[in-house]
Number of protein chains: 2
Amino acid sequence: MNINEIAELAGVSRATVSRYLNDGYVSEEKRAAIRKVIEDTGYRPSQQARNLRSKVTKLVGVIIPEIESGSVSQMVSGISEVLSVKDYQLLLADTRNNTRAELKYLRIFEKNQVDGIIFMGTMLSREHLHLMEEVEVPIVVTAQEIRQYSCVFQDDYHAAYDAAKMLTKKGRHIAYIGEPAKDKAAGKARKSGFLDAMADAGIRMDRSCMYETELCMQGGYEKAAKIWKTHPEVDSLFCATDSLAVGALRYFHEHDIQVPQQVQIVAFGDTEIGSAVSPAISSVHFYHKTMGQEAARMLVEILESGDDLKKHLKMGYQIVKKESLR
Amino acid sequence: MNINEIAELAGVSRATVSRYLNDGYVSEEKRAAIRKVIEDTGYRPSQQARNLRSKVTKLVGVIIPEIESGSVSQMVSGISEVLSVKDYQLLLADTRNNTRAELKYLRIFEKNQVDGIIFMGTMLSREHLHLMEEVEVPIVVTAQEIRQYSCVFQDDYHAAYDAAKMLTKKGRHIAYIGEPAKDKAAGKARKSGFLDAMADAGIRMDRSCMYETELCMQGGYEKAAKIWKTHPEVDSLFCATDSLAVGALRYFHEHDIQVPQQVQIVAFGDTEIGSAVSPAISSVHFYHKTMGQEAARMLVEILESGDDLKKHLKMGYQIVKKESLR
DNA sequence: CTGTTAGCGCATTCAC
DNA sequence: GTGAATGCGCTAACAG
């Protein structure tokens with residue numbers, strides 16, 4: 001069933017059917033005739049032929065580090081919501097935190113496969129930027145700020161700075177458990193924010209009170225153990241994620257270290273897990289879903305207007321105080 | 001840059017370039033010439049033209065109820081992993097638990113838009129089945145068993161039956177907090193499994209000890225309050241999700257009800273949140289990611305072999321005993 | 001408002 | 001092995 005048959009059955013030319021399907025510009029009679037035939041036959045225009053002809057696919061490629069992460073899936077949810085309203089479809093590329101895979105998908109999307117790309121990268125190298133140059137469709141970058149592209153990102157640096165500052169109000173001996181700062185932009189920003197806050201508060205950080213780990217709860221537990229075995233005087237803990245904090249909290253429970261009396265904690269994510277435990281973990285709240293929506297809106301706007309203004313949108317955050325802070 | 005220009009630059013016909021790009025059947029010299037031109041120009045064949053011509057898109061549509069759910073995103077991760085190895089791309093359709101949207105996406109995918117569909121539905125109505133009949137590409141159904149389709153699903157009924165049975169070993173007064181059973185297949189199966197286990201154990205369920213709620217932690221808290229205010233004698237709680245259990249646990253903590261001494265708990269999901277709390281929640285573990293992989297493998301096999309054998313794969317589960325059981 | 005005419009870029013016969 | 005010819009199904013001028 002193709003446009004020719006529909007045209008024949010409706011007694012019009014196929015151009016008229018095409019117009020019916022697109023802009024309009026068809027008389028009422030013919031419109032009715034065509035509608036009837038289409039309904040009777042259940043005809044649906046071939047997307048592929050349209051794509052070939054019109055060079056638009058109504059597809060947006062979304063490259064993400066890993067869908068299993070709560071923040072990523074929230075963001076994808078926001079993207080999906082906006083795209084579906086705007087009649088775009090979402091081509092998902094999960095790189096599994098693999099930099100090579102990011103490049104691979106950029107290349108796959110490169111030419112006339114998608115109309116645009118939303119790229120949530122881990123850590124963008126020169127190679128990335130070089131490849132992105134060559135990509136012919138607009139790219140919106142999320143989760144980090146890249147001058148040459150439109151992007152939507154959260155202010156990890158200042159969030160970390162502010163969170164750390166809260167610890168210094170009623171704490172002097174501060175420990176840090178983070179994510180690997182070398183391969184994640186957010187991890188790096190949180191670490192710098194933390195360190196700068198310490199410096200500004202005149203606190204000298206002892207390297208043996210700072211750890212990084214990829215594991216979540218278990219990593220938090222283990223690093224807390226390392227720190228408190230050698231530094232029982234530490235009275236405040238900064239964790240780059242709620243899961244790390246929950247792991248550390250378990251260590252404190254098991255060793256009768258009172259939270260927040262003996263140790264206060266602040267973390268990132270404001271996730272369900274952080275408020276499931278007792279005391280609930282004070283945590284930086286980000287707006288992942290909104291970020292996704294904004295990124296999608298930005299891309300759609302570029303697509304519809306035809307020019308890329310390179311907007312940079314820095315999203316706010318909120319430090320949600322709960323029981324883990326003194 | 002298209003195949004004609006490549007052919008001209010390489011001094012061959014475009015049919016030869018096409019052969020080079022596909023099966024082979026090209027002499028070594030021409031092969032080398034073509035390769036060189038392609039490398040120099042950075043030519044990439046147009047996917048759209050290929051699609052139109054060959055009727056395959058190398059796209060798989062994945063319809064899910066909501067990406068933000070942990071189990072769903074794990075499953076999508078499994079699907080994505082297998083598809084990427086097999087050189088398929090993933091077109092994601094998030095229906096936001098909206099039945100109409102499921103139908104909409106089935107229709108969008110219906111004709112020559114994707115090569116196949118993985119459909120994770122909420123509750124399949126006659127209308128769904130009717131529409132699925134009309135879809136011309138193979139469909140693999142997940143999360144529930146539908147006779148007419150290949151499917152991968154978990155055994156919620158027996159998992160619930162077994163979990164409930166564990167409660168009856170050391171409990172006589174049992175309460176139930178579930179998800180709405182009317183619009184989710186899993187919710188329904190868990191409820192039946194629970195009820196049948198009760199019946200087999202000769203326990204008469206009081207309706208005032210059974211509640212359903214859509215909310216997570218807060219719903220668990222509220223329903224637990226309702227139950228224990230009127231039925232303080234209840235000594236066991238069955239929750240359809242870990243989050244519900246964690247909410248209930250908070251109520252128990254606040255009211256000095258000892259877990260598991262006074263109330264034992266079993267739940268579903270074996271999620272991070274269930275083991276973050278203390279006592280850790282005993283929970284049914286499912287294999288979402290593996291399910292996703294299996295579903296994708298099943299679909300790819302149908303696509304590659306060309307015939308749909310309608311396999312039904314029921315995945316196992318495991319009840320992970322933790323501190324919340326007596 | 002409508003029909004005719006040309007391709008979009010590629011894969012696939014079919015002769016050679 | 002190779003090239004010429006054909007058309008996948010549709011949209012976009014263009015002339016009427």
# chains A, B, ... in the order shown; residues from 1 in each chain; ligands from 1
$ interface_residues --of "chain A" --to "chain B" --cutoff "6 Å" --atoms "only C-alpha atoms" --output "ChimeraX atom specification"
/A:48-49,52,67-68,73-74,90-92,273,277
$ interface_residues --of "chain C" --to "chain A" --cutoff "9 Å" --atoms "only C-alpha atoms (C1' of nucleotides)" --output "PyMOL selection string"
chain C and resi 1-3+7-9
$ write_last_selection --atoms "C-alpha atoms (C1' of nucleotides)" --output "PDB file, in the first residue's frame"
ATOM      1  C1'  DC C   1      -6.123  24.357  -5.853  1.00  0.00           C
ATOM      2  C1'  DT C   2      -4.136  20.359  -8.825  1.00  0.00           C
ATOM      3  C1'  DG C   3      -1.356  17.244 -11.800  1.00  0.00           C
ATOM      4  C1'  DG C   7      14.813  13.114  -8.522  1.00  0.00           C
ATOM      5  C1'  DC C   8      16.470  11.803  -3.061  1.00  0.00           C
ATOM      6  C1'  DG C   9      20.776   7.566  -2.681  1.00  0.00           C
TER       7       DG C   9
END
$ select_by_dssp --residues "region 99-183 of chain B" --states "strand (DSSP E)" --output "PyMOL selection string"
chain B and resi 116-120+139-142+150-154+174-178
$ write_last_selection --atoms "N, CA and C atoms" --output "tab-separated table (two decimals), in the first residue's frame"
chain	number	residue	atom	x	y	z
B	116	GLY	N	11.78	-4.55	14.39
B	116	GLY	CA	11.12	-5.37	15.39
B	116	GLY	C	10.83	-4.55	16.63
B	117	ILE	N	10.03	-5.13	17.52
B	117	ILE	CA	9.59	-4.38	18.71
B	117	ILE	C	9.77	-5.24	19.96
B	118	ILE	N	10.28	-4.61	21.00
B	118	ILE	CA	10.24	-5.24	22.32
B	118	ILE	C	9.24	-4.44	23.13
B	119	PHE	N	8.24	-5.11	23.58
B	119	PHE	CA	7.10	-4.43	24.19
B	119	PHE	C	6.97	-4.83	25.66
B	120	MET	N	7.24	-3.87	26.51
B	120	MET	CA	7.06	-4.09	27.93
B	120	MET	C	5.80	-3.34	28.33
B	139	ILE	N	7.20	-8.98	17.31
B	139	ILE	CA	7.12	-8.36	18.62
B	139	ILE	C	7.55	-9.38	19.67
B	140	VAL	N	8.41	-8.96	20.57
B	140	VAL	CA	8.70	-9.77	21.74
B	140	VAL	C	8.10	-9.04	22.94
B	141	VAL	N	7.29	-9.75	23.70
B	141	VAL	CA	6.63	-9.15	24.85
B	141	VAL	C	7.44	-9.45	26.09
B	142	THR	N	7.59	-8.47	26.95
B	142	THR	CA	8.28	-8.76	28.21
B	142	THR	C	7.41	-8.35	29.38
B	150	SER	N	6.16	-14.31	21.35
B	150	SER	CA	7.36	-14.67	22.08
B	150	SER	C	7.44	-13.75	23.28
B	151	CYS	N	7.76	-14.31	24.42
B	151	CYS	CA	7.87	-13.42	25.57
B	151	CYS	C	8.87	-13.88	26.61
B	152	VAL	N	9.30	-12.91	27.37
B	152	VAL	CA	10.23	-13.12	28.47
B	152	VAL	C	9.59	-12.47	29.68
B	153	PHE	N	9.47	-13.22	30.75
B	153	PHE	CA	8.78	-12.62	31.89
B	153	PHE	C	9.28	-13.27	33.17
B	154	GLN	N	8.98	-12.62	34.25
B	154	GLN	CA	9.40	-13.18	35.53
B	154	GLN	C	8.21	-13.82	36.21
B	174	ILE	N	-1.05	-11.93	59.11
B	174	ILE	CA	-0.26	-11.39	58.02
B	174	ILE	C	-0.97	-10.24	57.31
B	175	ALA	N	-0.18	-9.20	57.01
B	175	ALA	CA	-0.73	-8.04	56.31
B	175	ALA	C	-0.08	-7.92	54.94
B	176	TYR	N	-0.76	-7.18	54.08
B	176	TYR	CA	-0.33	-7.05	52.69
B	176	TYR	C	-0.39	-5.60	52.25
B	177	ILE	N	0.72	-5.10	51.70
B	177	ILE	CA	0.69	-3.78	51.06
B	177	ILE	C	1.23	-3.96	49.64
B	178	GLY	N	0.37	-3.65	48.67
B	178	GLY	CA	0.76	-3.91	47.29
B	178	GLY	C	0.63	-2.70	46.39
$ interface_residues --of "chain D" --to "chain A" --cutoff "7 Å" --atoms "only C-alpha atoms (C1' of nucleotides)" --output "list in words"
DG9, DC10 and DT11 of chain D
$ residues_around --residues "region 309-314 of chain A" --least-positions-apart "2" --cutoff "12 Å" --atoms "only C-alpha atoms (C1' of nucleotides)" --output "JSON, numbers by chain"
{"A": [138, 139, 140, 141, 142, 143, 144, 145, 146, 147, 148, 149, 150, 151, 152, 153, 154, 155, 156, 157, 158, 159, 286, 287, 288, 290, 291, 292, 293, 294, 295, 297, 298, 299, 301, 302, 303, 305, 306, 307, 316, 317]}
